[in-house]
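Engineer: Provided herewith is a single structure, encoded as structure tokens, for subsequent inquiry.
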Amino acid sequence: MTAKQEISEKGIGIMEEYIVEMEHINKSFAGVKVLKDVKFNLKSGEVMALLGENGAGKSTLMKILSGVYTRDSGSLRIFGKEQGDLDTKKARALGVAIIHQELNMCRHLTVAENIFLGREEKKGATLNNKDMAEKTKEVLDSLKIDLDPNEIVGNLSVSKQQMVEIAKALSIHAKVLVMDEPTSALTAKEINELFRIINQLKEEGCGIVYISHRLEELSHVADRVTVLRDGEFVMNGEFKDYTMDQLISFMVGREITEKFPRVKCPKGKKIFEVKNLNAGKLVRNINLELYEGEIVGIAGLMGAGRTETTRAIFGIDPKDSGQILVDGKEVKINKPMDAIKAGIVLAPEDRKKDGLCTKLSVRDNLALPNLDLLCNKIGKVNRKKEKELVDKAVQELNIKLASPELNAESLSGGNQQKVVVGKWLARNSRVVIFDEPTRGVDVGAKVEIYNLMNELKKQGVGVLFVSSELPEVMGISDRIIVMCDGRITGELSPEEATEDRILQYATQFEAKI
Amino acid sequence: MNEKKSWLGRALSARGVQSVVTAALGFVLLFIIFCILSPQFRSGNNIQNLFRQIAPTMIIGIGQGFVLITGNIDLSIGSVVGMACMTAGTLMSNGANPWLACLVALAMSLAIGLVNGVLVAKVGLPSFIATLGTMTLARGLAQLVNNNHNTNFIGNTAQGFRDTLYYDSFLGIYSTVWIAIILWVILWFLLSKTRTGRHIYAVGSNLDAAKLSGVNAFHTILITYMVSAFCSCLCGLVLLASAGMGTMDAGTTYEMYAVAACVIGGISTLGGTGILAGVIPGAGIWGILQNGLQFVGAPVALRNIIIGIIVIAAVMLDVVARTGRKKPKAKTK
Ligand SMILES: Nc1ncnc2c1ncn2[C@@H]1O[C@H](COP(=O)(O)OP(=O)(O)OP(=O)(O)O)[C@@H](O)[C@H]1O
Ligand SMILES: [Mg+2]
């Protein structure tokens with residue numbers, strides 16, 4: 001007894017600086033082990049980058065820390081105190097806040113209502129709305145977000161909603177703050193603001209866990225790193241002691257030689273053309289051409305109208321005017337089915353909302369747009385063909401899953417993205433449009449998606465892809481189109497493209513008259 | 001794109017106020033039309049009666065509203081109405097103290113509410129299925145309590161009860177209407193001013209987000225079903241007072257009247273939106289159609305057809321008005 005006590009006291013003496021210590025953490029879902037004997041620690045006043053491939057278990061580990069999931073076994077110490085099973089309320093009371101990977105907002109409630117959800121302030125029996133609105137305003141101001149606390153969250157853009165999510169976590173004055181891919185939906189300006197806040201919090205002694213697949217961000221914030229692979233602890237250490245390539249090989253377990261593989265194809269005939277397309281305020285007079293064997297990247301800031309353009313082309317949003325030509329023939333596209341019939345497919349941006357039926361199995365999701373190919377005359381699905389199609393997609397994209405019968409929502413973010421892309425593999429399409437295909441996708445999988453695009457390109461399919469990550473736009477495209485304010489403001493070849501030039505075009509706002 | 005809105009603009013754009021205003025205008029319009037068309041309708045007597053007819057629908061509409069805002073539904077309402085009516089009626093006709101009889105009916109109703117809440121929020125059954133089950137169950141109890149017979153007349157033993165719930169009036173307004181008003185005020189307070197109310201909206205808007213924020217979803221959903229059962233019981237007692245006897249099929253299909261009152265008043269069946277004020281014009285439109293069409297001489301069949309069409313049209317109008325004005329998708333790129 002005493003000996004044990006001594007050890008633990010000594011332990012505290014040495015480990016004093018750790019505000020979070022997790023050891024031998026195990027966690028299974030439905031019999032599948034997703035965390036195996038994982039250890040993790042965090043000091044106050046530091047940013048710990050938590051890295052790993054999609055499905056490595058980063059979010060799961062952090063959900064255990066923040067009380068969303070309970071661990072199967074292992075120890076969890078917060079501020080030196082051993083913790084039993086936590087729930088979200090207890091974790092919050094301990095000063096642990098988490099910004100979840102997926103947006104978790106009540107769309108119908110206001111900004112202030114969301115920020116104070118679950119810990120509303122009361123005056124007697126009634127809610128003290130005025131107080132909460134004022135405190136919300138304070139947090140928003142400290143984040144330099146220009147928002148009305150009484151605005152309904154559903155009316156905000158995704159990036160604003162993400163900022164509200166961040167404000168929510170900050171408003172509890174957390175001492176341990178977990179950020180699970182906070183930047184995947186933010187604009188460059190907001191990202192800078194976030195980094196400023198992170199540094200400020202660090203100075204105040206807050207310990208921050210930072211999860212991101214945008215590795216280039218890490219150099220701005222990370223002090224230490226922890227790497228997980230397939231649910232196992234790989235390493236931790238000082239960030240500056242390792243090169244990015246080393247970290248990547250820790251994450252994926254092999255070297256990635258080419259982050260942006262490029263294949264050369266001869267430019268063939270014109271397969272796709274958009275003429276004078278107009279649709280609302282964010283799609284104005286768009287003209288673009290796509291040739292066989294080329295990948296065209298569309299760059300721009302958030303709100304530049306890129307997603308709107310893809311949606312208008314695909315027939316989701318109504319067009320005001322304009323023509324679309326496939327193989328030189330005009331096609332009328334009023335609804336997505338028209339586009340699919342014309343050989344155009346779209347892998348949309350918001351995978352949870354537009355890309356997947358999250359409650360259906362992966363198999364159902366992959367088969368859904370291909371049912372016309374899989375069904376016989378009376379509409380019965382040919383199971384064998386379906387299985388072939390599913391297996392092929394899972395294999396080609398290296399989708400990590402226990403079984404294709406599992407719900408799509410049970411996959412990790414990156415693997416969900418692969419399913420969105422995989423849906424279209426079976427179709428012999430002429431044009432494939434990807435909207436932010438690599439958002440939330442790990443380095444290795446990114447390369448797989450690039451390879452997929454290259455494969456399509458080799459087959460003579462025109463690939464159009466929207467991306468906010470400049471390195472990938474420059475690394476993969478054969479031609480770069482830059483949009484701003486709903487117009488095309490520039491076109492660059494990869495040789496001429498630099499980040500500065502793209503940004504210059506991307507900020508060519510119209511002079512306000 | 002953060003334009004500052006005027007006070008009025010904010011008030012109108014707040015949760016569901018628009019739909020309430022639309023529904024209220026619809027009610028006024030129908031009121032005027034029927035007044036013009038029928039002298040009997042516009043008689044003072046009928047106007048008083050009209051509001052007394054609207055009150056029970058409003059009472060159950062309030063209960064259903066609570067449940068709908070969490071994104072669930074309560075199909076057991078009509079049967080609980082019948083069960084409360086039969087239970088209290090049986091006891092009263094056998095000479096029991098009327099108020100004690102009411103308490104027994106209330107206890108049974110709340111028990112059904114408890115079962116609903118547990119099945120939906122704890123066991124995780126879809127609310128449609130869970131309450132479909134309790135709907136049948138409660139109807140069975142309604143038949144069981146008096147051995148599969150309607151009750152005897154209660155006027156001799158419980159006339160005071162009948163007066164208090166139905167016949168008395170104060171300031172020219174029948175007690176039934178007062179009951180509905182008081183109930184509404186209390187529950188409006190609960191829904192819009194308290195933490196519980198906030199959690200009800202949050203659960204309906206995004207269950208996961210609410211849970212992750214530490215909201216006790218089980219308690220929240222349970223409370224809504226208890227409120228709904230309470231309202232149903234009250235409605236059953238009003239029916240008993242009005243008819244003077246308990247009938248086994250009392251309240252049949254009332255759950256749908258309640259849904260109609262809510263939906264017309266802007267409480268979406270998808271959860272998260274709508275305000276309790278909507279139930280007032282919602283129930284009003286429902287009641288005025290029943291009452292008014294009768295006075296302009298429309299046969300029952302035609303009345304039902306017209307009401308059905310108007311309910312669909314009202315909701316469609318609301319949806320079109322809302323989506324038509326919606327800005328292009330907030331998510332931009
Ligand atoms: N609720 C759940 N039910 C079943 N399986 C789950 C659940 N949550 C996560 N998993 C599985 O656990 C594994 C780890 O998932 P997790 O979300 O922690 O990965 P991640 O490292 O955060 O990945 P990403 O970078 O894609 O977000 C995955 O294989 C995933 O499919
Ligand atoms: Mg994750």
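In the structure tokens, chains take the letters A, B, ... in the order shown, each chain's residues start at 1, and ligands count up from 1 in the order shown.
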Quick check for you: according to DSSP on this backbone, which residues of segment 412-489 of chain A are classed as strand (DSSP E)? Reply as a count of residues only.
Structural biologist: 19
Engineer: Mind checking which residues fall within 9 Å of segment 409-423 of chain A, counting only C-alpha atoms, ignoring those fewer than 4 positions away in the same chain, and posting them as number ranges by chain?
Structural biologist: A: 53-57, 59, 101-102, 346-348, 351-352, 355-362, 365-370, 390, 393-394, 396-401, 427, 434, 437-442, 445, 449
Engineer: Residues of chain A were defined as contacting chain B if any atom lay at most 7 Å from it, counting only C-alpha atoms; please report them as a PyMOL selection string.
Structural biologist: chain A and resi 68+88-89+104-108+117-118+120+125-127+147+155-158+302-308
Engineer: Could you jot down the atom CA of Pro56 of chain B to atom CA of Tyr257 of chain B separation for me, Å, one decimal place?
Structural biologist: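 If I compute the distance from atom CA of Pro56 of chain B to atom CA of Tyr257 of chain B, I get 10.0 Å.
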Engineer: May I ask for the distance between atom CA of Cys262 of chain B and atom CA of Gly140 of chain B, given in Å to one decimal place?
Structural biologist: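 Interatomic distance, atom CA of Cys262 of chain B to atom CA of Gly140 of chain B: 26.7 Å.
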Engineer: Set the distance at 8 Å and use only C-alpha atoms: which residues neighbour Ile145 of chain A once local chain neighbours fewer than 4 positions away are removed? I'd like the list as number ranges by chain.
Structural biologist: A: 140-141, 163
Engineer: Any chance you could export the current selection's N, CA, C and O atoms as a compact mmCIF listing (two decimals), in the first residue's frame?
Structural biologist:
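Below is the file that was written, out.txt:
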```txt
# COMPACT_ATOMS: atom_id res chain seq x y z
N LEU A 140 -17.09 36.40 -28.99
CA LEU A 140 -17.00 36.64 -30.43
C LEU A 140 -16.05 37.79 -30.72
O LEU A 140 -15.24 37.73 -31.64
N ASP A 141 -16.12 38.81 -29.88
CA ASP A 141 -15.23 39.95 -30.09
C ASP A 141 -13.77 39.54 -29.90
O ASP A 141 -12.90 39.93 -30.67
N MET A 163 -16.57 28.85 -36.73
CA MET A 163 -16.05 29.83 -35.79
C MET A 163 -16.92 29.86 -34.53
O MET A 163 -16.41 30.05 -33.42
```
Engineer: For atom CA of Val67 of chain B and atom CA of Ser109 of chain B, determine how far apart the two atoms are, in Å to one decimal place.
Structural biologist: 15.5 Å
Engineer: Can you pull out the residues contacting Ser28 of chain A? Cut-off 12 Å, using only C-alpha atoms, and skip same-chain residues under 2 positions away; I want them as a list of chain:residue names.
Structural biologist: A:Ile25, A:Asn26, A:Ala30, A:Gly31, A:Val32, A:Lys33, A:Val34, A:Leu35, A:Lys36, A:Asp37, A:Gly57, A:Thr60, A:Leu61, A:Ile64, A:Tyr69, A:Thr70, A:Arg71, A:Asp72, A:Ser73, A:Gly231
Engineer: Could you take the residues named above and write them with all heavy atoms, as a short mmCIF file (atom, residue, chain, number, x, y, z; two decimals), in the first residue's frame?
Structural biologist:
```cif
data_model
loop_
_atom_site.label_atom_id
_atom_site.label_comp_id
_atom_site.auth_asym_id
_atom_site.auth_seq_id
_atom_site.Cartn_x
_atom_site.Cartn_y
_atom_site.Cartn_z
N ILE A 25 -4.85 2.88 -23.08
CA ILE A 25 -6.26 3.07 -23.44
C ILE A 25 -6.66 2.06 -24.51
O ILE A 25 -6.00 1.92 -25.54
CB ILE A 25 -6.50 4.49 -23.99
CG1 ILE A 25 -6.12 5.54 -22.95
CG2 ILE A 25 -7.94 4.65 -24.45
CD1 ILE A 25 -7.09 5.69 -21.82
N ASN A 26 -7.74 1.34 -24.24
CA ASN A 26 -8.31 0.41 -25.22
C ASN A 26 -9.75 0.78 -25.48
O ASN A 26 -10.46 1.22 -24.58
CB ASN A 26 -8.27 -1.02 -24.69
CG ASN A 26 -6.86 -1.56 -24.70
OD1 ASN A 26 -6.29 -1.80 -25.76
ND2 ASN A 26 -6.28 -1.71 -23.52
N ALA A 30 -18.29 -2.46 -31.41
CA ALA A 30 -18.89 -3.67 -31.95
C ALA A 30 -17.83 -4.74 -32.22
O ALA A 30 -17.78 -5.35 -33.28
CB ALA A 30 -19.66 -3.35 -33.24
N GLY A 31 -16.93 -4.92 -31.25
CA GLY A 31 -15.94 -5.96 -31.37
C GLY A 31 -14.71 -5.61 -32.17
O GLY A 31 -13.74 -6.35 -32.19
N VAL A 32 -14.73 -4.46 -32.84
CA VAL A 32 -13.55 -4.06 -33.60
C VAL A 32 -12.70 -3.14 -32.74
O VAL A 32 -13.17 -2.11 -32.26
CB VAL A 32 -13.95 -3.31 -34.89
CG1 VAL A 32 -12.71 -2.97 -35.70
CG2 VAL A 32 -14.92 -4.15 -35.70
N LYS A 33 -11.46 -3.54 -32.53
CA LYS A 33 -10.58 -2.72 -31.68
C LYS A 33 -10.13 -1.50 -32.46
O LYS A 33 -9.50 -1.63 -33.51
CB LYS A 33 -9.36 -3.56 -31.26
CG LYS A 33 -9.61 -4.37 -30.02
CD LYS A 33 -8.30 -4.68 -29.32
CE LYS A 33 -8.53 -4.77 -27.84
NZ LYS A 33 -7.32 -4.78 -27.06
N VAL A 34 -10.44 -0.32 -31.97
CA VAL A 34 -9.97 0.86 -32.68
C VAL A 34 -8.87 1.60 -31.93
O VAL A 34 -8.13 2.38 -32.52
CB VAL A 34 -11.13 1.83 -33.01
CG1 VAL A 34 -12.15 1.16 -33.90
CG2 VAL A 34 -11.79 2.36 -31.77
N LEU A 35 -8.74 1.33 -30.63
CA LEU A 35 -7.59 1.86 -29.89
C LEU A 35 -6.96 0.71 -29.13
O LEU A 35 -7.66 -0.02 -28.42
CB LEU A 35 -8.03 2.96 -28.91
CG LEU A 35 -8.51 4.29 -29.50
CD1 LEU A 35 -8.96 5.23 -28.40
CD2 LEU A 35 -7.41 4.95 -30.33
N LYS A 36 -5.65 0.56 -29.31
CA LYS A 36 -4.98 -0.55 -28.66
C LYS A 36 -3.85 -0.02 -27.81
O LYS A 36 -2.86 0.46 -28.35
CB LYS A 36 -4.43 -1.53 -29.71
CG LYS A 36 -5.51 -2.24 -30.50
CD LYS A 36 -4.94 -2.83 -31.80
CE LYS A 36 -5.84 -2.49 -32.98
NZ LYS A 36 -5.20 -2.56 -34.27
N ASP A 37 -4.04 -0.05 -26.51
CA ASP A 37 -2.96 0.28 -25.60
C ASP A 37 -2.32 1.63 -25.93
O ASP A 37 -1.10 1.75 -25.98
CB ASP A 37 -1.91 -0.84 -25.68
CG ASP A 37 -1.12 -0.94 -24.39
OD1 ASP A 37 -1.66 -0.54 -23.33
OD2 ASP A 37 0.03 -1.39 -24.44
N GLY A 57 -7.79 6.62 -35.18
CA GLY A 57 -8.35 6.65 -33.83
C GLY A 57 -8.14 7.96 -33.10
O GLY A 57 -8.37 8.03 -31.89
N THR A 60 -11.48 9.30 -31.77
CA THR A 60 -11.97 8.41 -30.72
C THR A 60 -11.21 8.66 -29.42
O THR A 60 -11.81 8.78 -28.35
CB THR A 60 -11.79 6.94 -31.15
OG1 THR A 60 -12.43 6.77 -32.42
CG2 THR A 60 -12.41 6.01 -30.15
N LEU A 61 -9.90 8.80 -29.51
CA LEU A 61 -9.09 9.04 -28.31
C LEU A 61 -9.52 10.35 -27.64
O LEU A 61 -9.67 10.43 -26.42
CB LEU A 61 -7.61 9.10 -28.70
CG LEU A 61 -6.62 9.22 -27.55
CD1 LEU A 61 -6.64 7.95 -26.71
CD2 LEU A 61 -5.22 9.48 -28.06
N ILE A 64 -12.79 10.15 -25.90
CA ILE A 64 -12.68 9.53 -24.58
C ILE A 64 -12.24 10.58 -23.56
O ILE A 64 -12.78 10.68 -22.47
CB ILE A 64 -11.69 8.35 -24.62
CG1 ILE A 64 -12.32 7.19 -25.40
CG2 ILE A 64 -11.29 7.92 -23.21
CD1 ILE A 64 -11.39 6.03 -25.67
N TYR A 69 -17.17 9.26 -25.34
CA TYR A 69 -17.12 7.81 -25.24
C TYR A 69 -16.47 7.44 -23.91
O TYR A 69 -15.70 8.22 -23.35
CB TYR A 69 -16.25 7.19 -26.35
CG TYR A 69 -16.76 7.36 -27.75
CD1 TYR A 69 -15.86 7.41 -28.81
CD2 TYR A 69 -18.12 7.45 -28.03
CE1 TYR A 69 -16.31 7.56 -30.12
CE2 TYR A 69 -18.58 7.59 -29.32
CZ TYR A 69 -17.67 7.65 -30.37
OH TYR A 69 -18.12 7.79 -31.64
N THR A 70 -16.78 6.24 -23.43
CA THR A 70 -16.05 5.76 -22.27
C THR A 70 -15.07 4.69 -22.75
O THR A 70 -15.36 3.93 -23.67
CB THR A 70 -16.98 5.14 -21.23
OG1 THR A 70 -17.83 4.20 -21.89
CG2 THR A 70 -17.85 6.20 -20.58
N ARG A 71 -13.90 4.65 -22.11
CA ARG A 71 -12.87 3.70 -22.52
C ARG A 71 -13.23 2.31 -22.02
O ARG A 71 -13.94 2.16 -21.02
CB ARG A 71 -11.51 4.14 -21.99
CG ARG A 71 -11.48 4.27 -20.46
CD ARG A 71 -10.24 5.03 -20.02
NE ARG A 71 -10.10 5.07 -18.58
CZ ARG A 71 -10.65 5.99 -17.80
NH1 ARG A 71 -11.41 6.93 -18.33
NH2 ARG A 71 -10.46 5.97 -16.50
N ASP A 72 -12.71 1.30 -22.71
CA ASP A 72 -12.91 -0.08 -22.23
C ASP A 72 -11.96 -0.37 -21.08
O ASP A 72 -12.31 -1.04 -20.13
CB ASP A 72 -12.68 -1.09 -23.37
CG ASP A 72 -13.69 -0.90 -24.48
OD1 ASP A 72 -14.73 -0.26 -24.23
OD2 ASP A 72 -13.44 -1.39 -25.60
N SER A 73 -10.73 0.10 -21.22
CA SER A 73 -9.77 -0.05 -20.13
C SER A 73 -8.68 0.99 -20.29
O SER A 73 -8.61 1.67 -21.31
CB SER A 73 -9.16 -1.46 -20.16
OG SER A 73 -8.42 -1.63 -21.36
N GLY A 231 -4.84 2.67 -34.69
CA GLY A 231 -5.25 2.52 -33.31
C GLY A 231 -4.12 2.25 -32.34
O GLY A 231 -4.35 1.92 -31.19
#
```
Engineer: Using only C-alpha atoms, which residues sit within 12 Å of Leu371 of chain A once same-chain residues fewer than 2 positions away are excluded, as a ChimeraX atom specification?
Structural biologist: /A:363-369,373-377,379-383,385-386,389,423-424,426-427
Engineer: Write the residues of the selection above to a file with N, CA, C and O atoms, as a short mmCIF file (atom, residue, chain, number, x, y, z; two decimals), in the first residue's frame.
Structural biologist:
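Result saved to part.cif:
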```
data_model
loop_
_atom_site.label_atom_id
_atom_site.label_comp_id
_atom_site.auth_asym_id
_atom_site.auth_seq_id
_atom_site.Cartn_x
_atom_site.Cartn_y
_atom_site.Cartn_z
N ARG A 363 -22.08 -0.30 -48.69
CA ARG A 363 -22.47 -0.99 -49.92
C ARG A 363 -23.62 -0.25 -50.61
O ARG A 363 -23.56 0.04 -51.80
N ASP A 364 -24.65 0.08 -49.85
CA ASP A 364 -25.79 0.79 -50.43
C ASP A 364 -25.37 2.12 -51.03
O ASP A 364 -25.84 2.52 -52.09
N ASN A 365 -24.48 2.80 -50.32
CA ASN A 365 -24.04 4.09 -50.81
C ASN A 365 -23.29 3.95 -52.13
O ASN A 365 -23.51 4.73 -53.05
N LEU A 366 -22.43 2.97 -52.19
CA LEU A 366 -21.64 2.80 -53.42
C LEU A 366 -22.54 2.38 -54.58
O LEU A 366 -22.32 2.75 -55.73
N ALA A 367 -23.58 1.60 -54.25
CA ALA A 367 -24.43 1.09 -55.33
C ALA A 367 -25.44 2.12 -55.80
O ALA A 367 -25.88 2.09 -56.95
N LEU A 368 -25.78 3.05 -54.92
CA LEU A 368 -26.90 3.95 -55.19
C LEU A 368 -26.90 4.63 -56.56
O LEU A 368 -27.89 4.53 -57.30
N PRO A 369 -25.83 5.31 -56.94
CA PRO A 369 -25.91 5.99 -58.24
C PRO A 369 -25.75 5.01 -59.42
O PRO A 369 -25.88 5.42 -60.57
N LEU A 373 -27.25 0.32 -63.54
CA LEU A 373 -26.34 -0.68 -64.12
C LEU A 373 -26.48 -2.03 -63.43
O LEU A 373 -26.16 -3.07 -64.00
N LEU A 374 -26.95 -2.00 -62.19
CA LEU A 374 -26.95 -3.22 -61.39
C LEU A 374 -28.27 -3.96 -61.44
O LEU A 374 -28.35 -5.12 -61.06
N CYS A 375 -29.32 -3.27 -61.88
CA CYS A 375 -30.64 -3.90 -61.82
C CYS A 375 -30.98 -4.57 -63.14
O CYS A 375 -30.53 -4.16 -64.20
N ASN A 376 -31.78 -5.63 -63.02
CA ASN A 376 -32.29 -6.24 -64.24
C ASN A 376 -33.56 -5.52 -64.67
O ASN A 376 -33.93 -4.50 -64.11
N LYS A 377 -34.27 -6.11 -65.63
CA LYS A 377 -35.39 -5.37 -66.23
C LYS A 377 -36.49 -5.04 -65.23
O LYS A 377 -37.13 -4.00 -65.31
N GLY A 379 -36.08 -4.51 -62.12
CA GLY A 379 -35.61 -3.67 -61.03
C GLY A 379 -35.01 -4.42 -59.87
O GLY A 379 -34.77 -3.85 -58.81
N LYS A 380 -34.75 -5.71 -60.05
CA LYS A 380 -34.12 -6.44 -58.96
C LYS A 380 -32.61 -6.22 -59.02
O LYS A 380 -32.00 -6.31 -60.08
N VAL A 381 -32.04 -5.91 -57.87
CA VAL A 381 -30.61 -5.66 -57.84
C VAL A 381 -29.85 -6.97 -57.98
O VAL A 381 -30.14 -7.95 -57.28
N ASN A 382 -28.90 -6.99 -58.86
CA ASN A 382 -28.04 -8.16 -59.04
C ASN A 382 -26.95 -8.12 -57.97
O ASN A 382 -25.99 -7.36 -58.05
N ARG A 383 -27.12 -8.96 -56.94
CA ARG A 383 -26.22 -8.93 -55.79
C ARG A 383 -24.78 -9.19 -56.17
O ARG A 383 -23.85 -8.66 -55.58
N LYS A 385 -23.23 -8.63 -59.07
CA LYS A 385 -22.64 -7.44 -59.71
C LYS A 385 -22.39 -6.36 -58.68
O LYS A 385 -21.37 -5.66 -58.72
N GLU A 386 -23.33 -6.23 -57.78
CA GLU A 386 -23.20 -5.19 -56.75
C GLU A 386 -21.96 -5.44 -55.91
O GLU A 386 -21.17 -4.54 -55.63
N LEU A 389 -18.84 -4.55 -57.76
CA LEU A 389 -18.66 -3.10 -57.82
C LEU A 389 -18.14 -2.56 -56.49
O LEU A 389 -17.20 -1.76 -56.44
N LYS A 423 -18.31 6.18 -55.35
CA LYS A 423 -19.63 5.99 -55.96
C LYS A 423 -19.61 6.12 -57.47
O LYS A 423 -20.41 5.53 -58.17
N TRP A 424 -18.68 6.94 -57.95
CA TRP A 424 -18.71 7.28 -59.38
C TRP A 424 -17.76 6.47 -60.23
O TRP A 424 -17.71 6.64 -61.44
N ALA A 426 -17.67 3.41 -61.11
CA ALA A 426 -18.17 2.40 -62.03
C ALA A 426 -18.75 2.99 -63.32
O ALA A 426 -18.99 2.28 -64.28
N ARG A 427 -18.98 4.26 -63.30
CA ARG A 427 -19.65 4.85 -64.45
C ARG A 427 -18.62 5.31 -65.47
O ARG A 427 -17.59 5.88 -65.12
#
```
Engineer: Identify all residues of segment 48-190 of chain B in helix (DSSP H, G or I) (DSSP on the backbone) and supply them as a ChimeraX atom specification.
Structural biologist: /B:48-69,77-93,98-123,127-144,155-167,175-190
